[in-house]
Amino acid sequence: MSSTGNIPKPSTHIYQEINEGKFKTTKHYQLVEVENGTQKLTDLINIVVNRGFARSAPHFWLKIRCGKRWENFTGLFKTSTPGIYFADKGHNNRKEDLLIVKLSNYERDMKVYYFRNYYTANLSAVLKLIN
């Protein structure tokens, strides 16, 4: 939970889009591989364009597959770098984990950098690490 010092190496989840072009505001992804660590997200995830109902106003919602249902996992917010978004995850409104999501190849490819037990509001050093 530290916001100072060394940035830990994240678990990197690599996803590719499936059902390409099937839905207008939702993209579905399937896990290809996990680098550096254990899997923190489900094999299937999707991102949905925010429709403006949440006060936090994320750009996308990241959803995970739990059984036969899609569950909201977290909101994705724009960074200063195009195609890169950030999110936080925690319990009881505490920001415990940092997620950086990088979309490329016309949003067909997605990398999710999952920093477990690490969160910082200053993303500049983290973004340098992944770019």
# chains A, B, ... in the order shown; residues from 1 in each chain; ligands from 1
>>> residues_around(residues="Gln30 (chain A)", least_positions_apart="4", cutoff="8 Å", atoms="only C-alpha atoms", output="list in words")
Tyr15, Gln16, Glu17, Ile18, Asp43, Leu44 and Ile45 of chain A
>>> write_last_selection(atoms="N, CA and C atoms", output="CSV table (one decimal), in the first residue's frame")
chain,number,residue,atom,x,y,z
A,15,TYR,N,-4.3,-10.1,-22.9
A,15,TYR,CA,-5.6,-10.5,-23.5
A,15,TYR,C,-5.7,-10.2,-24.9
A,16,GLN,N,-6.5,-11.0,-25.7
A,16,GLN,CA,-6.9,-10.6,-27.0
A,16,GLN,C,-8.4,-10.6,-27.2
A,17,GLU,N,-8.8,-9.7,-28.0
A,17,GLU,CA,-10.3,-9.5,-28.2
A,17,GLU,C,-10.9,-10.8,-28.9
A,18,ILE,N,-12.1,-11.2,-28.4
A,18,ILE,CA,-12.8,-12.2,-29.1
A,18,ILE,C,-14.2,-11.6,-29.4
A,43,ASP,N,-10.2,-15.5,-16.8
A,43,ASP,CA,-9.8,-15.8,-18.2
A,43,ASP,C,-10.5,-15.0,-19.2
A,44,LEU,N,-11.8,-14.6,-18.9
A,44,LEU,CA,-12.6,-13.8,-19.8
A,44,LEU,C,-12.9,-12.5,-19.0
A,45,ILE,N,-12.6,-11.4,-19.7
A,45,ILE,CA,-13.0,-10.1,-19.2
A,45,ILE,C,-13.6,-9.2,-20.3
>>> residues_around(residues="region 86-94 of chain A", least_positions_apart="4", cutoff="7 Å", atoms="only C-alpha atoms", output="list in words")
Thr74, Gly75, Leu76, Phe77, Lys78, Thr79, Leu98, Leu99, Ile100 and Val101 of chain A
>>> write_last_selection(atoms="N, CA and C atoms", output="short mmCIF file (atom, residue, chain, number, x, y, z; two decimals), in the first residue's frame")
data_model
loop_
_atom_site.label_atom_id
_atom_site.label_comp_id
_atom_site.auth_asym_id
_atom_site.auth_seq_id
_atom_site.Cartn_x
_atom_site.Cartn_y
_atom_site.Cartn_z
N THR A 74 -13.98 -2.86 -11.77
CA THR A 74 -13.50 -1.52 -11.46
C THR A 74 -13.71 -0.61 -12.67
N GLY A 75 -13.67 0.70 -12.44
CA GLY A 75 -13.72 1.68 -13.53
C GLY A 75 -12.33 1.95 -14.05
N LEU A 76 -12.22 2.23 -15.34
CA LEU A 76 -10.93 2.58 -15.96
C LEU A 76 -10.95 4.06 -16.31
N PHE A 77 -9.92 4.77 -15.86
CA PHE A 77 -9.83 6.21 -16.05
C PHE A 77 -8.67 6.54 -16.99
N LYS A 78 -8.86 7.58 -17.81
CA LYS A 78 -7.83 7.99 -18.76
C LYS A 78 -6.58 8.49 -18.04
N THR A 79 -5.44 8.25 -18.66
CA THR A 79 -4.18 8.85 -18.21
C THR A 79 -3.77 9.89 -19.25
N LEU A 98 -3.16 -1.26 -7.70
CA LEU A 98 -3.18 -0.38 -8.86
C LEU A 98 -3.22 -1.25 -10.12
N LEU A 99 -4.08 -0.90 -11.05
CA LEU A 99 -4.14 -1.56 -12.34
C LEU A 99 -3.86 -0.52 -13.42
N ILE A 100 -2.99 -0.88 -14.35
CA ILE A 100 -2.76 -0.06 -15.52
C ILE A 100 -3.18 -0.92 -16.71
N VAL A 101 -4.07 -0.39 -17.54
CA VAL A 101 -4.58 -1.12 -18.69
C VAL A 101 -4.09 -0.42 -19.95
#
>>> closest_residue(among="A:Asn50, A:Thr42, A:Asn117, A:Asn122", to="Trp70 (chain A)", atoms="only C-alpha atoms")
A:Thr42
>>> residues_around(residues="Lys111 (chain A)", least_positions_apart="4", cutoff="7 Å", atoms="only C-alpha atoms", output="PyMOL selection string")
chain A and resi 12-15+101-103
>>> select_by_dssp(residues="region 29-78 of chain A", states="strand (DSSP E)", output="ChimeraX atom specification")
/A:29-35,44-49,60-66,69-78
>>> write_last_selection(atoms="N, CA and C atoms", output="mmCIF file, in the first residue's frame")
data_model
loop_
_atom_site.group_PDB
_atom_site.id
_atom_site.type_symbol
_atom_site.label_atom_id
_atom_site.label_comp_id
_atom_site.auth_asym_id
_atom_site.auth_seq_id
_atom_site.Cartn_x
_atom_site.Cartn_y
_atom_site.Cartn_z
ATOM 1 N N TYR A 29 -12.622 -10.018 -24.096
ATOM 2 C CA TYR A 29 -11.225 -10.441 -24.226
ATOM 3 C C TYR A 29 -11.015 -11.788 -23.549
ATOM 4 N N GLN A 30 -10.078 -12.555 -24.126
ATOM 5 C CA GLN A 30 -9.704 -13.840 -23.542
ATOM 6 C C GLN A 30 -8.226 -13.796 -23.170
ATOM 7 N N LEU A 31 -7.915 -14.365 -22.008
ATOM 8 C CA LEU A 31 -6.539 -14.378 -21.513
ATOM 9 C C LEU A 31 -5.656 -15.227 -22.420
ATOM 10 N N VAL A 32 -4.499 -14.685 -22.784
ATOM 11 C CA VAL A 32 -3.517 -15.405 -23.590
ATOM 12 C C VAL A 32 -2.410 -15.929 -22.685
ATOM 13 N N GLU A 33 -1.879 -15.046 -21.816
ATOM 14 C CA GLU A 33 -0.843 -15.476 -20.878
ATOM 15 C C GLU A 33 -0.708 -14.490 -19.730
ATOM 16 N N VAL A 34 -0.065 -14.970 -18.651
ATOM 17 C CA VAL A 34 0.247 -14.135 -17.494
ATOM 18 C C VAL A 34 1.763 -14.159 -17.326
ATOM 19 N N GLU A 35 2.359 -12.976 -17.251
ATOM 20 C CA GLU A 35 3.803 -12.855 -17.046
ATOM 21 C C GLU A 35 4.060 -12.349 -15.632
ATOM 22 N N LEU A 44 -11.798 -14.649 -18.898
ATOM 23 C CA LEU A 44 -12.596 -13.787 -19.765
ATOM 24 C C LEU A 44 -12.880 -12.481 -19.034
ATOM 25 N N ILE A 45 -12.635 -11.364 -19.726
ATOM 26 C CA ILE A 45 -12.977 -10.051 -19.181
ATOM 27 C C ILE A 45 -13.618 -9.239 -20.295
ATOM 28 N N ASN A 46 -14.256 -8.151 -19.937
ATOM 29 C CA ASN A 46 -14.723 -7.232 -20.970
ATOM 30 C C ASN A 46 -14.609 -5.808 -20.477
ATOM 31 N N ILE A 47 -14.618 -4.902 -21.433
ATOM 32 C CA ILE A 47 -14.682 -3.482 -21.097
ATOM 33 C C ILE A 47 -15.931 -2.917 -21.772
ATOM 34 N N VAL A 48 -16.616 -2.060 -21.029
ATOM 35 C CA VAL A 48 -17.855 -1.450 -21.492
ATOM 36 C C VAL A 48 -17.670 0.065 -21.419
ATOM 37 N N VAL A 49 -18.050 0.744 -22.476
ATOM 38 C CA VAL A 49 -17.989 2.206 -22.467
ATOM 39 C C VAL A 49 -18.917 2.720 -21.375
ATOM 40 N N PHE A 60 -14.186 3.635 -19.123
ATOM 41 C CA PHE A 60 -14.689 2.281 -19.333
ATOM 42 C C PHE A 60 -14.984 1.632 -17.988
ATOM 43 N N TRP A 61 -15.753 0.548 -18.011
ATOM 44 C CA TRP A 61 -15.902 -0.347 -16.867
ATOM 45 C C TRP A 61 -15.238 -1.658 -17.237
ATOM 46 N N LEU A 62 -14.387 -2.165 -16.344
ATOM 47 C CA LEU A 62 -13.765 -3.473 -16.528
ATOM 48 C C LEU A 62 -14.622 -4.491 -15.782
ATOM 49 N N LYS A 63 -15.048 -5.534 -16.494
ATOM 50 C CA LYS A 63 -15.877 -6.573 -15.885
ATOM 51 C C LYS A 63 -15.168 -7.908 -15.972
ATOM 52 N N ILE A 64 -15.376 -8.733 -14.952
ATOM 53 C CA ILE A 64 -14.799 -10.078 -14.931
ATOM 54 C C ILE A 64 -15.922 -11.100 -15.028
ATOM 55 N N ARG A 65 -15.569 -12.301 -15.461
ATOM 56 C CA ARG A 65 -16.559 -13.367 -15.626
ATOM 57 C C ARG A 65 -16.567 -14.230 -14.371
ATOM 58 N N CYS A 66 -17.709 -14.293 -13.710
ATOM 59 C CA CYS A 66 -17.889 -15.129 -12.519
ATOM 60 C C CYS A 66 -19.013 -16.101 -12.818
ATOM 61 N N ARG A 69 -22.050 -15.113 -15.176
ATOM 62 C CA ARG A 69 -22.394 -13.696 -15.075
ATOM 63 C C ARG A 69 -21.169 -12.802 -15.237
ATOM 64 N N TRP A 70 -21.409 -11.593 -15.739
ATOM 65 C CA TRP A 70 -20.389 -10.557 -15.773
ATOM 66 C C TRP A 70 -20.568 -9.687 -14.536
ATOM 67 N N GLU A 71 -19.471 -9.449 -13.803
ATOM 68 C CA GLU A 71 -19.528 -8.596 -12.613
ATOM 69 C C GLU A 71 -18.596 -7.407 -12.784
ATOM 70 N N ASN A 72 -19.088 -6.226 -12.385
ATOM 71 C CA ASN A 72 -18.224 -5.038 -12.399
ATOM 72 C C ASN A 72 -17.019 -5.296 -11.517
ATOM 73 N N PHE A 73 -15.842 -4.993 -12.028
ATOM 74 C CA PHE A 73 -14.616 -5.154 -11.250
ATOM 75 C C PHE A 73 -14.094 -3.787 -10.817
ATOM 76 N N THR A 74 -13.980 -2.862 -11.772
ATOM 77 C CA THR A 74 -13.501 -1.516 -11.464
ATOM 78 C C THR A 74 -13.709 -0.609 -12.671
ATOM 79 N N GLY A 75 -13.667 0.701 -12.439
ATOM 80 C CA GLY A 75 -13.723 1.676 -13.526
ATOM 81 C C GLY A 75 -12.326 1.950 -14.052
ATOM 82 N N LEU A 76 -12.221 2.228 -15.338
ATOM 83 C CA LEU A 76 -10.935 2.579 -15.955
ATOM 84 C C LEU A 76 -10.950 4.058 -16.309
ATOM 85 N N PHE A 77 -9.916 4.771 -15.860
ATOM 86 C CA PHE A 77 -9.827 6.209 -16.049
ATOM 87 C C PHE A 77 -8.671 6.545 -16.986
ATOM 88 N N LYS A 78 -8.859 7.580 -17.807
ATOM 89 C CA LYS A 78 -7.828 7.994 -18.763
ATOM 90 C C LYS A 78 -6.579 8.491 -18.035
#
>>> atom_distance(atom1="CA of Tyr106 (chain A)", atom2="CA of Lys40 (chain A)")
24.6 Å
>>> atom_distance(atom1="CA of Thr25 (chain A)", atom2="CA of Pro58 (chain A)")
14.2 Å
>>> residues_around(residues="region 19-21 of chain A", least_positions_apart="6", cutoff="8 Å", atoms="only C-alpha atoms", output="list of chain:residue names")
A:Lys27, A:His28, A:Arg108
